[in-house]
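Participant: Mind looking over this structure? Questions follow.
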Amino acid sequence: MMARAQHLVLTRETSVAGPPRPDPGGAHAWLRRHRQWLVPLLAVLLLAQMAAAMVTTAVQQTPTIDEPVYVATAADYLHEHRIRYNPEHPPLGKLLIAAGVAVADPRYDPSFTGIQGDVGRHLLYESGNDPWRVMLWARVPVIVLTLLFGLVAFAFARELTGAVGGLAALALYAFSPDLIAHGSLATLDVPMAGFALTSAWLVWRARRRPRLYLPLAGAALGAATATKMSALPAVPVLLVLAALSALAADRHRRVSPASAPGTDTDTVRDEQPSPAGGTATGAGAARELPRASGPHAGTGRCRRVLSALVDPGDAGRRKALSTMAGALGGRAAKAPPLRTGPQSTHRHRGARCALAVPAGGRWRKPLVAVTGAVVVGVVAIAVVWAAYLAVDPRLRFAPAEPVPALHGLHDLLVDLLPLPDAYRAGMRVQFALENQPWQGYLFGHLYTGRLWYYLPVALLVKTPLGLLVLGGAGVLAVVAVRRLRATAPYLLLPPGVLLAAAMTGSREFGTRYALFVPMFLAVTAACAPRPGRRGTAAAAAAALVLLTAVSSLRTFPYYLPYANEAFGGPARTHRLLHDSNVDWGQDLGRLADRLRLRYPGERVWLVYKGSGVPSYYGIHAADPRTVPPERVHGLLVVSDSAVAKARGRLAELIGSSRPVGEVGHSISLYRR
C-alpha cells in the first residue's frame with residue numbers, strides 16, 4: 001500500500017535536473033488552480049438549464065398521443081398489479097412513470113372496459129382528475145432519468161478525453177432539442193436510449209474491473225430491453241463488447257504495463273487502462289517522466305526501474321529489483337516470492353478484479369470472453385424478469401385486446417426467448433404492427449410503406465448543426481486516431497446497430513425512435529481533435545458548442561417541432577416532417593389560450609390530431625369534414641400533421657382559406 005501512496009510523479013512541468021518552473025500567469029493558470037470545483041459547477045449549471053427547459057415544457061404541454069396510454073397502464077400497475085394494457089412495451093418504463101403517478105394519486109376505475117387509448121382518456125378526462133397535475137407528476141420521473149443520463153454522457157466522455165471533453169459532451173447533450181422535448185414527456189424513448197448508453201459505458205469500464213462493471217452493464221442492458229423491445233438488436237452487440245472487455249481486462253492483468261511490448265517505458269502511469277488499451281492515471285491522463293538529454297541521456301534505464309518500482313504489480317517490482325542488483329553488483333538478485341494472504345492487498349488491481357477463469361491453456365481466452373458475455377446476458381435476462389415480477393409476482397397476463405398469432409421464423413424466434421409470456425406476447429403485437437401499412441411524410445411527399453433513408457434524413461433535420469459537425473469529427477477521430485481506436489466499437493456499434501434496425505421499421509413517425517443517436521453522438525463529439533493543443537481547433541470546437549446552445553435556446557419552449565437552421569428552423573419543420581417530429585397533440589392547451597385571447601366568440605372548426613379532449617380546455621368546435629364545404633365559415637384550425645396528409649375535402653378547405661397564424665409551430669390557423 002505504501003508503494004501506491006508514494007508515487008514518484010515527474011510531469012512535463014517538473015524537470016529532472018532542476019526545480020519546478022513557475023506556472024504561467026493568466027486565465028489558463030487560474031482555470032487550472034480552480035479546476036477542482038469549476039468542472040462540477042459547470043456540469044451542475046448545464047444540467048440545471050436542461051431541467052428548467054424540461055420542467056417548463058412539461059408544465060405547458062397537454063398530453064401527447066402516447067402518454068395517456070402509459071399513464072393509465074402505470075395506474076393499473078399500482079392499483080391492480082396486473083399486465084393487462086400496453087403489452088407491446090415491457091413494464092419497466094411504465095413502472096418508473098408509476099412513481100410519479102403515485103404522487104399525483106389520481107382516481108382510477110378498474111372496472112372500466114375498453115382499449116388502452118380509451119382507458120387513458122377515461123383516467124385523465126372522465127374520472128374527476130386534473131390532467132395537468134397528473135401529467136406533470138407522471139413526467140417528473142422521466143425528467144430525472146434524462147438528467148441522470150446526462151451525467152452518464154459526461155462521465156463517459158470525461159474518461160475518454162478529460163474534463164473539458166466531458167463538459168463539451170454534457171453541453172451538447174443538455175442543449176439537444178430532441179432530448180429536451182422527449183425527456184419532458186411520460187414516454188419510453190429517452191429511458192430506453194439512456195439505458196443503452198449506460199450499458200455501453202459500463203461495458204467500456206469493464207476493461208478495468210470486469211467483476212464490478214460487467215454485472216452492472218448487464219443490469220443497464222436489461223433495463224433497456226425491459227423498457228422497449230426496440231433495444232433488443234443491441235443485445236448481441238453489447239454481449240460481444242462485454243467479451244472484448246473481459247479479454248482486455250484479462251490481458252491487462254497478465255501483462256505488466258511497465259514491461260509490456262509497445263509500452264512507453266519512459267512514462268510512469270497508474271494502473272487504469274487508457275482508451276488505447278494502455279494505462280492511465282485515475283484522472284485519465286498519463287503521468288510522464290521527462291526525457292533527459294545531454295549529460296542525463298543515460299538515465300533512461302533508471303527511469304524504467306523507477307517506473308517498475310511504483311507499479312503495484314509484483315512482476316514489475318521483481319524485474320526492477322533484478323535490474324537494480326545487476327546495475328550495482330553485476331549479478332541478478334533473486335526476486336522476492338509473491339506474497340499471499342491478507343498482506344497481498346497491494347497487488348495489481350486487475351489481479352483482484354479479473355474474471356474467475358482457470359489460468360493457462362489454449363482455452364483461456366475463449367473462456368474469458370464467453371464468461372464476460374454470459375455474465376452480462378444472464379443479468380440482463382434477470383432484470384427483465386424482475387420488471388414483470390415487480391408488477392405481479394404471480395405473472396398473470398390477461399390482455400385487454402387479443403394478441404395476434406405469428407407464423408414462420410418470427411414465431412420460432414419469439415418462442416425461443418427465455419422471457420416471460422407477457423414479453424413474448426408483446427413481441428407478437430410488435431411484429432403485427434410492423435406488418436400494417438402506415439403512412440409517412442418526408443419533405444412534402446406523402447407515402448405508404450417504408451423509406452430506408454427516412455430516419456437518417458429526419459436526424460439531419462432535427463439535430464443541431466454544431467452537434468452534427470462535432471459528432472462527425474468525433475466519429476472520424478475514433479476511427480483514425482490510434483489512441484482512440486479502441487473506443488470505436490463502444491461508441492459506434494451500439495447506436496449503429498440500433499439505427500440500422502430502426503430503419504427497417506414501417507412506422508416512420510419521428511426521430512424519437514432514434515434518440516440514442518444524439519446521446520452517443522454527444523459523447524463521440526468529445527473525441528474530436530482536442531482543442532488544448534491548437535488554438536484554432538479550440539475556438540472552432542467552442543464555437544460549435546455555442547452554436548448548439550444558441551440554436552436550442554432560440555426554439556424554447558417549442559422543442560418538439562425543432563429543426564436546425566439549415567432547414568429553416570422550427571417554423572418550417574411541418575413542411576418537411578410530421579407526427580412526433582412536429583405535432584403530437586402537445587399544443588391543445590396553448591390553442592385554447594389563443595382562441596380565448598384573440599378570437600373570443602368566433603365559430604371554430606377543428607381538425608385535431610392528439611389524445612386530448614378539446615372541450616375540457618374550453619374549445620367548442622365542429623369537424624369541418626362532416627359538413628359541406630360551403631357551410632364552413634369562420635376560423636379553421638388544423639393540426640400540422642393533418643395539414644401534411646390532407647387530401648380530398650380537407651385539402652380543398654385549406655386551399656380555399658387564408659392563413660392567419662399558428663400555435664406552437666404545430667397547429668395552423670386559417671380564415672374562411
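By convention in this document, the chains of the C-alpha cells carry letters A, B, ... by their order, each chain's residues are numbered from 1, and ligands are numbered from 1 in the order they are shown.
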With only C-alpha atoms as the counted atoms, please give the residues lying no more than 9 Å from stretch 183-190 of chain A, apart from itself and same-chain residues fewer than 3 positions off, as a PyMOL selection string.

Facilitator: chain A and resi 51+53-58+63-64+66-68+70-71+89+93-94+97+135-136+138-147+178-180+193-195+227-228+512-516

Participant: Quick one: residues within 12 Å of A:Gly128, only C-alpha atoms counted, chain neighbours fewer than 4 positions away excluded, as a list of chain:residue names?

Facilitator: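 Contacts, in chain order: A:Asp105, A:Pro106, A:Arg107, A:Tyr108, A:Asp109, A:Arg121, A:His122, A:Leu123, A:Leu124, A:Arg133, A:Val134, A:Tyr616.
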
Participant: Excluding stretch 402-418 of chain A and residues on its chain fewer than 6 positions from it, collect all residues at most 8 Å away from it, counting only C-alpha atoms, and give them as a ChimeraX atom specification.

Facilitator: /A:381,424-429,431-432

Participant: Give me a file of those residues, with N, CA and C atoms, as a PDB file, in the first residue's frame.

Facilitator:
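What ended up in out01.pdb:
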```pdb
ATOM      1  N   ILE A 381     -31.267 -10.727 -18.554  1.00  0.00           N
ATOM      2  CA  ILE A 381     -32.492 -11.530 -18.519  1.00  0.00           C
ATOM      3  C   ILE A 381     -33.140 -11.451 -17.144  1.00  0.00           C
ATOM      4  N   ARG A 424     -43.163 -12.052 -24.547  1.00  0.00           N
ATOM      5  CA  ARG A 424     -43.244 -12.679 -25.870  1.00  0.00           C
ATOM      6  C   ARG A 424     -44.556 -12.326 -26.573  1.00  0.00           C
ATOM      7  N   ALA A 425     -45.635 -12.148 -25.800  1.00  0.00           N
ATOM      8  CA  ALA A 425     -46.887 -11.685 -26.400  1.00  0.00           C
ATOM      9  C   ALA A 425     -46.730 -10.268 -26.938  1.00  0.00           C
ATOM     10  N   GLY A 426     -46.002  -9.432 -26.217  1.00  0.00           N
ATOM     11  CA  GLY A 426     -45.750  -8.083 -26.704  1.00  0.00           C
ATOM     12  C   GLY A 426     -44.955  -8.075 -27.988  1.00  0.00           C
ATOM     13  N   MET A 427     -44.016  -9.006 -28.126  1.00  0.00           N
ATOM     14  CA  MET A 427     -43.270  -9.096 -29.384  1.00  0.00           C
ATOM     15  C   MET A 427     -44.187  -9.476 -30.539  1.00  0.00           C
ATOM     16  N   ARG A 428     -45.151 -10.342 -30.275  1.00  0.00           N
ATOM     17  CA  ARG A 428     -46.110 -10.696 -31.333  1.00  0.00           C
ATOM     18  C   ARG A 428     -46.926  -9.476 -31.755  1.00  0.00           C
ATOM     19  N   VAL A 429     -47.303  -8.644 -30.781  1.00  0.00           N
ATOM     20  CA  VAL A 429     -48.029  -7.414 -31.117  1.00  0.00           C
ATOM     21  C   VAL A 429     -47.147  -6.493 -31.960  1.00  0.00           C
ATOM     22  N   PHE A 431     -44.621  -7.275 -33.971  1.00  0.00           N
ATOM     23  CA  PHE A 431     -44.484  -7.797 -35.336  1.00  0.00           C
ATOM     24  C   PHE A 431     -45.756  -7.565 -36.141  1.00  0.00           C
ATOM     25  N   ALA A 432     -46.922  -7.704 -35.510  1.00  0.00           N
ATOM     26  CA  ALA A 432     -48.178  -7.446 -36.210  1.00  0.00           C
ATOM     27  C   ALA A 432     -48.304  -5.979 -36.596  1.00  0.00           C
TER      28      ALA A 432
END
```

Participant: Find the residues around A:Ser641 up to 7 Å (only C-alpha atoms counted), leave out those fewer than 4 positions away in its own chain, and share them as a list in words.

Facilitator: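 Within the cut-off, the hits are His578, Asp579, Asp583 and Lys645 of chain A.
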
Participant: Could you save those same residues with all heavy atoms as a JSON list (two decimals), in the first residue's frame?

Facilitator:
```json
[["chain", "number", "residue", "atom", "x", "y", "z"],
["A", 578, "HIS", "N", -43.58, 15.13, -40.10],
["A", 578, "HIS", "CA", -44.88, 15.17, -39.46],
["A", 578, "HIS", "C", -44.84, 14.34, -38.17],
["A", 578, "HIS", "O", -43.79, 13.93, -37.70],
["A", 578, "HIS", "CB", -45.97, 14.64, -40.42],
["A", 578, "HIS", "CG", -46.07, 13.14, -40.50],
["A", 578, "HIS", "ND1", -44.97, 12.33, -40.59],
["A", 578, "HIS", "CD2", -47.16, 12.31, -40.47],
["A", 578, "HIS", "CE1", -45.36, 11.06, -40.64],
["A", 578, "HIS", "NE2", -46.67, 11.02, -40.56],
["A", 579, "ASP", "N", -46.01, 14.14, -37.59],
["A", 579, "ASP", "CA", -46.21, 13.34, -36.39],
["A", 579, "ASP", "C", -45.35, 13.85, -35.23],
["A", 579, "ASP", "O", -45.30, 15.06, -35.00],
["A", 579, "ASP", "CB", -45.96, 11.85, -36.69],
["A", 579, "ASP", "CG", -46.74, 10.95, -35.75],
["A", 579, "ASP", "OD1", -47.91, 10.65, -36.04],
["A", 579, "ASP", "OD2", -46.18, 10.56, -34.71],
["A", 583, "ASP", "N", -45.93, 17.63, -34.56],
["A", 583, "ASP", "CA", -47.25, 17.79, -33.97],
["A", 583, "ASP", "C", -47.69, 16.46, -33.38],
["A", 583, "ASP", "O", -48.04, 15.53, -34.10],
["A", 583, "ASP", "CB", -48.23, 18.26, -35.07],
["A", 583, "ASP", "CG", -49.67, 18.05, -34.68],
["A", 583, "ASP", "OD1", -49.98, 18.22, -33.49],
["A", 583, "ASP", "OD2", -50.48, 17.70, -35.56],
["A", 645, "LYS", "N", -50.97, 15.63, -44.40],
["A", 645, "LYS", "CA", -51.61, 14.46, -45.02],
["A", 645, "LYS", "C", -52.96, 14.79, -45.64],
["A", 645, "LYS", "O", -53.72, 13.89, -46.00],
["A", 645, "LYS", "CB", -51.78, 13.36, -43.96],
["A", 645, "LYS", "CG", -50.45, 12.91, -43.35],
["A", 645, "LYS", "CD", -50.65, 12.09, -42.10],
["A", 645, "LYS", "CE", -51.31, 10.77, -42.37],
["A", 645, "LYS", "NZ", -51.35, 9.91, -41.16]]
```

Participant: Of the candidates A:Pro215, A:Gly165, A:Pro420, A:Pro177, which shows the shortest atom-to-atom distance to A:Leu459, using only C-alpha atoms?

Facilitator: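 The closest residue to A:Leu459 is A:Pro177.
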
Participant: Find the spatial neighbours of A:Leu45, counting only C-alpha atoms, within a cut-off of 12 Å - ignore same-chain residues fewer than 3 positions away - and output them as JSON, numbers by chain.

Facilitator: {"A": [38, 39, 40, 41, 42, 48, 49, 50, 51, 52, 147, 167, 170, 171, 174, 175]}

Participant: Take the residues from that selection and write them out as a PDB file, in the first residue's frame, keeping N, CA, C and O atoms.

Facilitator:
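Result went into again-v4.pdb, see below:
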```pdb
ATOM      1  N   LEU A  38     -14.519  24.024 -10.429  1.00  0.00           N
ATOM      2  CA  LEU A  38     -15.102  24.653 -11.604  1.00  0.00           C
ATOM      3  C   LEU A  38     -15.815  23.631 -12.494  1.00  0.00           C
ATOM      4  O   LEU A  38     -16.911  23.899 -13.003  1.00  0.00           O
ATOM      5  N   VAL A  39     -15.224  22.460 -12.667  1.00  0.00           N
ATOM      6  CA  VAL A  39     -15.847  21.436 -13.521  1.00  0.00           C
ATOM      7  C   VAL A  39     -17.190  20.987 -12.953  1.00  0.00           C
ATOM      8  O   VAL A  39     -18.201  20.968 -13.674  1.00  0.00           O
ATOM      9  N   PRO A  40     -17.285  20.598 -11.668  1.00  0.00           N
ATOM     10  CA  PRO A  40     -18.615  20.247 -11.138  1.00  0.00           C
ATOM     11  C   PRO A  40     -19.622  21.392 -11.229  1.00  0.00           C
ATOM     12  O   PRO A  40     -20.806  21.157 -11.492  1.00  0.00           O
ATOM     13  N   LEU A  41     -19.156  22.621 -11.013  1.00  0.00           N
ATOM     14  CA  LEU A  41     -20.074  23.760 -11.088  1.00  0.00           C
ATOM     15  C   LEU A  41     -20.651  23.910 -12.485  1.00  0.00           C
ATOM     16  O   LEU A  41     -21.869  24.108 -12.661  1.00  0.00           O
ATOM     17  N   LEU A  42     -19.801  23.819 -13.505  1.00  0.00           N
ATOM     18  CA  LEU A  42     -20.292  23.935 -14.883  1.00  0.00           C
ATOM     19  C   LEU A  42     -21.237  22.787 -15.227  1.00  0.00           C
ATOM     20  O   LEU A  42     -22.252  22.991 -15.919  1.00  0.00           O
ATOM     21  N   ALA A  48     -28.836  22.122 -14.849  1.00  0.00           N
ATOM     22  CA  ALA A  48     -29.897  22.983 -14.326  1.00  0.00           C
ATOM     23  C   ALA A  48     -30.672  23.647 -15.451  1.00  0.00           C
ATOM     24  O   ALA A  48     -31.914  23.735 -15.398  1.00  0.00           O
ATOM     25  N   GLN A  49     -29.972  24.121 -16.484  1.00  0.00           N
ATOM     26  CA  GLN A  49     -30.708  24.738 -17.590  1.00  0.00           C
ATOM     27  C   GLN A  49     -31.536  23.703 -18.340  1.00  0.00           C
ATOM     28  O   GLN A  49     -32.647  24.002 -18.789  1.00  0.00           O
ATOM     29  N   MET A  50     -31.020  22.481 -18.452  1.00  0.00           N
ATOM     30  CA  MET A  50     -31.805  21.426 -19.092  1.00  0.00           C
ATOM     31  C   MET A  50     -33.041  21.088 -18.269  1.00  0.00           C
ATOM     32  O   MET A  50     -34.142  20.911 -18.815  1.00  0.00           O
ATOM     33  N   ALA A  51     -32.875  21.018 -16.953  1.00  0.00           N
ATOM     34  CA  ALA A  51     -34.017  20.746 -16.082  1.00  0.00           C
ATOM     35  C   ALA A  51     -35.063  21.849 -16.190  1.00  0.00           C
ATOM     36  O   ALA A  51     -36.273  21.578 -16.256  1.00  0.00           O
ATOM     37  N   ALA A  52     -34.611  23.106 -16.222  1.00  0.00           N
ATOM     38  CA  ALA A  52     -35.546  24.224 -16.340  1.00  0.00           C
ATOM     39  C   ALA A  52     -36.317  24.147 -17.658  1.00  0.00           C
ATOM     40  O   ALA A  52     -37.537  24.384 -17.693  1.00  0.00           O
ATOM     41  N   LEU A 147     -31.827  13.671 -16.839  1.00  0.00           N
ATOM     42  CA  LEU A 147     -30.699  14.371 -16.224  1.00  0.00           C
ATOM     43  C   LEU A 147     -29.613  13.386 -15.789  1.00  0.00           C
ATOM     44  O   LEU A 147     -28.414  13.654 -15.954  1.00  0.00           O
ATOM     45  N   LEU A 167     -17.265  18.057 -20.305  1.00  0.00           N
ATOM     46  CA  LEU A 167     -18.159  19.216 -20.298  1.00  0.00           C
ATOM     47  C   LEU A 167     -18.722  19.501 -21.688  1.00  0.00           C
ATOM     48  O   LEU A 167     -19.892  19.880 -21.827  1.00  0.00           O
ATOM     49  N   LEU A 170     -21.457  16.988 -22.263  1.00  0.00           N
ATOM     50  CA  LEU A 170     -22.634  17.319 -21.460  1.00  0.00           C
ATOM     51  C   LEU A 170     -23.367  18.526 -22.032  1.00  0.00           C
ATOM     52  O   LEU A 170     -24.608  18.559 -22.041  1.00  0.00           O
ATOM     53  N   ALA A 171     -22.633  19.521 -22.515  1.00  0.00           N
ATOM     54  CA  ALA A 171     -23.282  20.688 -23.112  1.00  0.00           C
ATOM     55  C   ALA A 171     -24.072  20.290 -24.359  1.00  0.00           C
ATOM     56  O   ALA A 171     -25.220  20.720 -24.549  1.00  0.00           O
ATOM     57  N   ALA A 174     -27.115  18.400 -23.088  1.00  0.00           N
ATOM     58  CA  ALA A 174     -28.087  19.205 -22.359  1.00  0.00           C
ATOM     59  C   ALA A 174     -28.820  20.200 -23.251  1.00  0.00           C
ATOM     60  O   ALA A 174     -29.934  20.623 -22.907  1.00  0.00           O
ATOM     61  N   PHE A 175     -28.231  20.595 -24.382  1.00  0.00           N
ATOM     62  CA  PHE A 175     -28.881  21.534 -25.293  1.00  0.00           C
ATOM     63  C   PHE A 175     -29.524  20.832 -26.489  1.00  0.00           C
ATOM     64  O   PHE A 175     -30.004  21.518 -27.396  1.00  0.00           O
TER      65      PHE A 175
END
```

Participant: State, in Å with one decimal place, the distance from atom CA of A:Gly634 to atom CA of A:Ile667.

Facilitator: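 Computing the Euclidean distance for atom CA of A:Gly634 and atom CA of A:Ile667 yields 16.3 Å.
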
Participant: Taking the chain letters and numbering used in this document, name the residues of stretch 525-634 of chain A that DSSP puts in strand (DSSP E or B), as a PyMOL selection string.

Facilitator: chain A and resi 604-607+622

Participant: Which one is closest to A:Ser230: A:Pro614, A:Pro366, A:Gly472, A:Pro90? Count only C-alpha atoms.

Facilitator: A:Pro90

Participant: Go ahead and compute the interatomic distance for atom CA of A:Tyr441 and atom CA of A:Ala644, in Å to one decimal.

Facilitator: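 Going from atom CA of A:Tyr441 over to atom CA of A:Ala644 covers 7.3 Å.
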